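Peer 1: Quick one, protein.pdb (PDB, C-alpha atoms):
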ATOM      1  CA  MET A 246     140.998 -54.420 126.162  1.00  0.00           C
ATOM      2  CA  GLU A 247     140.056 -57.253 123.819  1.00  0.00           C
ATOM      3  CA  ILE A 248     137.062 -56.938 121.476  1.00  0.00           C
ATOM      4  CA  ILE A 249     135.271 -60.164 120.672  1.00  0.00           C
ATOM      5  CA  ILE A 250     133.065 -60.318 117.599  1.00  0.00           C
ATOM      6  CA  ARG A 251     130.613 -63.164 118.057  1.00  0.00           C
ATOM      7  CA  LYS A 252     128.817 -62.858 114.715  1.00  0.00           C
ATOM      8  CA  PRO A 253     131.314 -61.664 112.098  1.00  0.00           C
ATOM      9  CA  HIS A 254     128.894 -62.341 109.217  1.00  0.00           C
ATOM     10  CA  ILE A 255     126.631 -59.545 110.549  1.00  0.00           C
ATOM     11  CA  LEU A 256     129.577 -57.155 110.589  1.00  0.00           C
ATOM     12  CA  ILE A 257     130.489 -58.099 107.013  1.00  0.00           C
ATOM     13  CA  PHE A 258     126.887 -57.614 105.824  1.00  0.00           C
ATOM     14  CA  PHE A 259     126.577 -54.163 107.378  1.00  0.00           C
ATOM     15  CA  ALA A 260     129.994 -53.154 106.051  1.00  0.00           C
ATOM     16  CA  ALA A 261     128.796 -54.109 102.560  1.00  0.00           C
ATOM     17  CA  LEU A 262     125.615 -52.070 103.045  1.00  0.00           C
ATOM     18  CA  ILE A 263     127.603 -49.034 104.149  1.00  0.00           C
ATOM     19  CA  PHE A 264     129.903 -49.445 101.140  1.00  0.00           C
ATOM     20  CA  LEU A 265     126.893 -49.598  98.816  1.00  0.00           C
ATOM     21  CA  ALA A 266     125.390 -46.532 100.432  1.00  0.00           C
ATOM     22  CA  GLY A 267     128.623 -44.601 100.117  1.00  0.00           C
ATOM     23  CA  CYS A 268     128.662 -45.205  96.369  1.00  0.00           C
ATOM     24  CA  SER A 269     125.210 -43.788  95.819  1.00  0.00           C
ATOM     25  CA  ALA A 270     124.550 -40.786  93.623  1.00  0.00           C
ATOM     26  CA  ASP A 271     120.959 -40.239  94.761  1.00  0.00           C
ATOM     27  CA  GLY A 272     121.353 -37.918  97.747  1.00  0.00           C
ATOM     28  CA  GLY A 273     123.030 -40.617  99.832  1.00  0.00           C
ATOM     29  CA  LYS A 274     120.380 -43.277  99.164  1.00  0.00           C
ATOM     30  CA  VAL A 275     121.244 -46.670  97.762  1.00  0.00           C
ATOM     31  CA  THR A 276     119.874 -46.817  94.226  1.00  0.00           C
ATOM     32  CA  ALA A 277     118.787 -49.660  91.963  1.00  0.00           C
ATOM     33  CA  ARG A 278     121.811 -48.870  89.837  1.00  0.00           C
ATOM     34  CA  ASP A 279     124.142 -49.317  92.830  1.00  0.00           C
ATOM     35  CA  VAL A 280     122.633 -52.696  93.688  1.00  0.00           C
ATOM     36  CA  LEU A 281     122.200 -54.127  90.178  1.00  0.00           C
ATOM     37  CA  LYS A 282     125.661 -52.994  89.102  1.00  0.00           C
ATOM     38  CA  ARG A 283     127.147 -55.176  91.846  1.00  0.00           C
ATOM     39  CA  ASN A 284     124.693 -58.080  91.497  1.00  0.00           C
ATOM     40  CA  GLU A 285     122.490 -58.234  88.406  1.00  0.00           C
ATOM     41  CA  ASP A 286     120.583 -61.173  89.957  1.00  0.00           C
ATOM     42  CA  ALA A 287     119.700 -59.316  93.191  1.00  0.00           C
ATOM     43  CA  ASP A 288     116.239 -59.818  94.702  1.00  0.00           C
ATOM     44  CA  VAL A 289     115.291 -56.234  95.550  1.00  0.00           C
ATOM     45  CA  LEU A 290     112.326 -53.898  95.551  1.00  0.00           C
ATOM     46  CA  LYS A 291     111.877 -50.146  95.838  1.00  0.00           C
ATOM     47  CA  TYR A 292     109.388 -48.640  98.236  1.00  0.00           C
ATOM     48  CA  ASN A 293     108.977 -44.995  99.231  1.00  0.00           C
ATOM     49  CA  GLY A 294     112.279 -44.056  97.578  1.00  0.00           C
ATOM     50  CA  PHE A 295     114.324 -46.720  99.386  1.00  0.00           C
ATOM     51  CA  MET A 296     115.768 -49.990  98.167  1.00  0.00           C
ATOM     52  CA  TYR A 297     115.012 -53.204 100.068  1.00  0.00           C
ATOM     53  CA  ASN A 298     116.938 -56.472  99.739  1.00  0.00           C
ATOM     54  CA  ASN A 299     115.547 -59.985 100.339  1.00  0.00           C
ATOM     55  CA  VAL A 300     117.124 -61.280 103.569  1.00  0.00           C
ATOM     56  CA  THR A 301     114.733 -64.192 104.183  1.00  0.00           C
ATOM     57  CA  ASP A 302     117.332 -66.946 103.917  1.00  0.00           C
ATOM     58  CA  LEU A 303     120.264 -65.195 105.603  1.00  0.00           C
ATOM     59  CA  GLU A 304     121.351 -67.077 108.713  1.00  0.00           C
ATOM     60  CA  TRP A 305     121.853 -63.968 110.862  1.00  0.00           C
ATOM     61  CA  PHE A 306     118.262 -62.873 110.132  1.00  0.00           C
ATOM     62  CA  GLU A 307     116.669 -66.036 111.595  1.00  0.00           C
ATOM     63  CA  GLU A 308     116.407 -64.610 115.126  1.00  0.00           C
ATOM     64  CA  MET A 309     115.015 -61.287 113.963  1.00  0.00           C
ATOM     65  CA  LYS A 310     112.253 -62.730 111.785  1.00  0.00           C
ATOM     66  CA  SER A 311     110.734 -64.641 114.690  1.00  0.00           C
ATOM     67  CA  ASN A 312     109.998 -61.249 116.311  1.00  0.00           C
ATOM     68  CA  LEU A 313     108.320 -59.741 113.234  1.00  0.00           C
ATOM     69  CA  GLN A 314     104.604 -59.833 112.527  1.00  0.00           C
ATOM     70  CA  LYS A 315     102.826 -58.745 109.368  1.00  0.00           C
ATOM     71  CA  GLY A 316     101.207 -55.343 109.777  1.00  0.00           C
ATOM     72  CA  LYS A 317      99.131 -53.231 107.417  1.00  0.00           C
ATOM     73  CA  GLU A 318      99.265 -53.360 103.634  1.00  0.00           C
ATOM     74  CA  ILE A 319     101.529 -50.623 102.259  1.00  0.00           C
ATOM     75  CA  GLY A 320     101.381 -51.217  98.514  1.00  0.00           C
ATOM     76  CA  LYS A 321     101.543 -53.615  95.575  1.00  0.00           C
ATOM     77  CA  ILE A 322     104.342 -54.287  93.122  1.00  0.00           C
ATOM     78  CA  LYS A 323     103.557 -52.339  89.935  1.00  0.00           C
ATOM     79  CA  LYS A 324     106.471 -53.390  87.752  1.00  0.00           C
ATOM     80  CA  VAL A 325     109.008 -56.194  87.417  1.00  0.00           C
ATOM     81  CA  THR A 326     112.317 -55.051  85.931  1.00  0.00           C
ATOM     82  CA  THR A 327     116.065 -55.485  86.148  1.00  0.00           C
ATOM     83  CA  SER A 328     116.712 -52.171  84.408  1.00  0.00           C
ATOM     84  CA  SER A 329     118.046 -49.560  86.800  1.00  0.00           C
ATOM     85  CA  LEU A 330     116.804 -46.821  84.433  1.00  0.00           C
ATOM     86  CA  PHE A 331     113.162 -47.819  84.926  1.00  0.00           C
ATOM     87  CA  PHE A 332     113.329 -48.904  88.574  1.00  0.00           C
ATOM     88  CA  THR A 333     110.675 -46.687  90.140  1.00  0.00           C
ATOM     89  CA  ASN A 334     108.736 -46.948  93.403  1.00  0.00           C
ATOM     90  CA  LEU A 335     106.970 -50.300  93.774  1.00  0.00           C
ATOM     91  CA  SER A 336     109.275 -51.969  91.248  1.00  0.00           C
ATOM     92  CA  ALA A 337     110.904 -55.327  91.970  1.00  0.00           C
ATOM     93  CA  THR A 338     113.374 -57.642  90.298  1.00  0.00           C
ATOM     94  CA  LYS A 339     111.834 -60.982  91.352  1.00  0.00           C
ATOM     95  CA  LEU A 340     108.387 -60.406  92.871  1.00  0.00           C
ATOM     96  CA  PRO A 341     105.479 -60.626  90.417  1.00  0.00           C
ATOM     97  CA  LYS A 342     103.327 -57.621  89.560  1.00  0.00           C
ATOM     98  CA  GLY A 343     100.470 -57.333  92.060  1.00  0.00           C
ATOM     99  CA  THR A 344     102.411 -58.821  94.998  1.00  0.00           C
ATOM    100  CA  ILE A 345     101.185 -57.150  98.199  1.00  0.00           C
ATOM    101  CA  LEU A 346     103.739 -55.525 100.506  1.00  0.00           C
ATOM    102  CA  TYR A 347     103.164 -55.270 104.250  1.00  0.00           C
ATOM    103  CA  ASP A 348     104.747 -53.180 106.956  1.00  0.00           C
ATOM    104  CA  THR A 349     105.678 -54.864 110.225  1.00  0.00           C
ATOM    105  CA  ASP A 350     103.199 -54.576 113.069  1.00  0.00           C
ATOM    106  CA  ASP A 351     105.469 -52.063 114.844  1.00  0.00           C
ATOM    107  CA  GLY A 352     106.148 -50.135 111.619  1.00  0.00           C
ATOM    108  CA  LYS A 353     109.674 -49.227 112.742  1.00  0.00           C
ATOM    109  CA  THR A 354     112.017 -52.027 111.723  1.00  0.00           C
ATOM    110  CA  GLY A 355     112.916 -51.084 108.133  1.00  0.00           C
ATOM    111  CA  VAL A 356     111.550 -54.457 107.042  1.00  0.00           C
ATOM    112  CA  ILE A 357     108.870 -55.167 104.443  1.00  0.00           C
ATOM    113  CA  ILE A 358     107.035 -58.471 104.686  1.00  0.00           C
ATOM    114  CA  VAL A 359     105.735 -60.208 101.570  1.00  0.00           C
ATOM    115  CA  GLU A 360     103.392 -63.166 101.433  1.00  0.00           C
ATOM    116  CA  THR A 361     103.616 -64.940  98.078  1.00  0.00           C
ATOM    117  CA  GLU A 362     100.728 -66.669  96.287  1.00  0.00           C
ATOM    118  CA  ASP A 363     101.917 -70.032  97.675  1.00  0.00           C
ATOM    119  CA  GLU A 364     101.878 -68.501 101.201  1.00  0.00           C
ATOM    120  CA  GLU A 365     105.655 -68.276 101.557  1.00  0.00           C
ATOM    121  CA  ILE A 366     106.728 -65.367 103.792  1.00  0.00           C
ATOM    122  CA  LEU A 367     109.624 -63.235 102.512  1.00  0.00           C
ATOM    123  CA  TYR A 368     111.438 -60.441 104.331  1.00  0.00           C
ATOM    124  CA  TYR A 369     113.055 -57.425 102.666  1.00  0.00           C
ATOM    125  CA  LEU A 370     115.428 -55.208 104.651  1.00  0.00           C
ATOM    126  CA  GLN A 371     115.930 -51.534 103.834  1.00  0.00           C
ATOM    127  CA  LEU A 372     119.387 -50.776 102.448  1.00  0.00           C
ATOM    128  CA  LEU A 373     120.928 -48.044 104.567  1.00  0.00           C
ATOM    129  CA  GLU A 374     122.055 -44.598 103.526  1.00  0.00           C
ATOM    130  CA  GLY A 375     125.653 -43.554 103.880  1.00  0.00           C
TER     131      GLY A 375
END
Write the structure described by the file as structure tokens, please.
Peer 2:
Amino acid sequence: MEIIIRKPHILIFFAALIFLAGCSADGGKVTARDVLKRNEDADVLKYNGFMYNNVTDLEWFEEMKSNLQKGKEIGKIKKVTTSSLFFTNLSATKLPKGTILYDTDDGKTGVIIVETEDEEILYYLQLLEG
């Protein structure tokens, strides 16, 4: 039997996420320290104890984002920091303080939608546990 992988970049991305999750010291959750240690310029946020990574411009995400609609408001960014020591809930590395975070209309995708002041839509995907 031959296995054909049509989108290897998706496989590589999820393998990287699993690797990150496996290195976590926070009960199996990916932490800010895990992410920022590997990429100090990462565009991430923390919501409800989970880390989310900006996937807006990733090619494999193009199809998925066309199926997502902005749902209810779930919070606002309280702090901008690149310090993993002070990366608490509703902290972000790139989004300005006060940026509103939205759930998706189905509330089940593990995606947070952000609408910036200049009306750009950004998508943040939850980093998976190991």
Peer 1: Which residue, A:Asn334, A:Val325, A:Glu304, A:Tyr292, has the smallest gap to Tyr347 in chain A when you use only C-alpha atoms?
Peer 2: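 Using only C-alpha atoms, the shortest distance to Tyr347 in chain A belongs to A:Tyr292.
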Peer 1: Pick out the closest residue to Ile358 in chain A from this set: A:Lys315, A:Phe332, A:Pro341, A:Lys324. Count all atoms listed in the file.
Peer 2: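 Smallest distance to Ile358 in chain A is found for A:Lys315.
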Peer 1: What lies within 9 Å of Thr354 in chain A using all atoms listed in the file, ignoring chain neighbours under 3 positions off, as a list of chain:residue names?
Peer 2: A:Leu313, A:Asp348, A:Thr349, A:Asp351, A:Ile357, A:Leu370, A:Gln371
Peer 1: Do you know which residues the PyMOL selection byres ((chain A and resi 301) around 6) returns on this file, as a list in words?
Peer 2: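 Here the PyMOL selection byres ((chain A and resi 301) around 6) matches Asn299, Val300, Asp302, Leu303, Leu367 and Tyr368 of chain A.
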Peer 1: Starting from the shown file, work through the PyMOL selection byres ((chain A and resi 293) around 10) and note down what comes out as a ChimeraX atom specification.
Peer 2: /A:291-292,294-296,319-320,333-335
Peer 1: My list of candidates is A:Leu373, A:Leu281, A:Ile345, A:Leu340. Which is closest to Gly316 in chain A when distances are computed with all atoms listed in the file?
Peer 2: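 The closest residue to Gly316 in chain A is A:Ile345.
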Peer 1: Report, in Å to a single decimal, how far apart CA of Gln314 in chain A and CA of Asp350 in chain A are.
Peer 2: 5.5 Å
Peer 1: Any chance you could resolve the PyMOL selection byres ((chain A and resi 339) around 9) against this file and give the residues as a list in words?
Peer 2: Asp286, Ala287, Asp288, Val289, Leu290, Val325, Thr326, Thr327, Ala337, Thr338, Leu340 and Pro341 of chain A
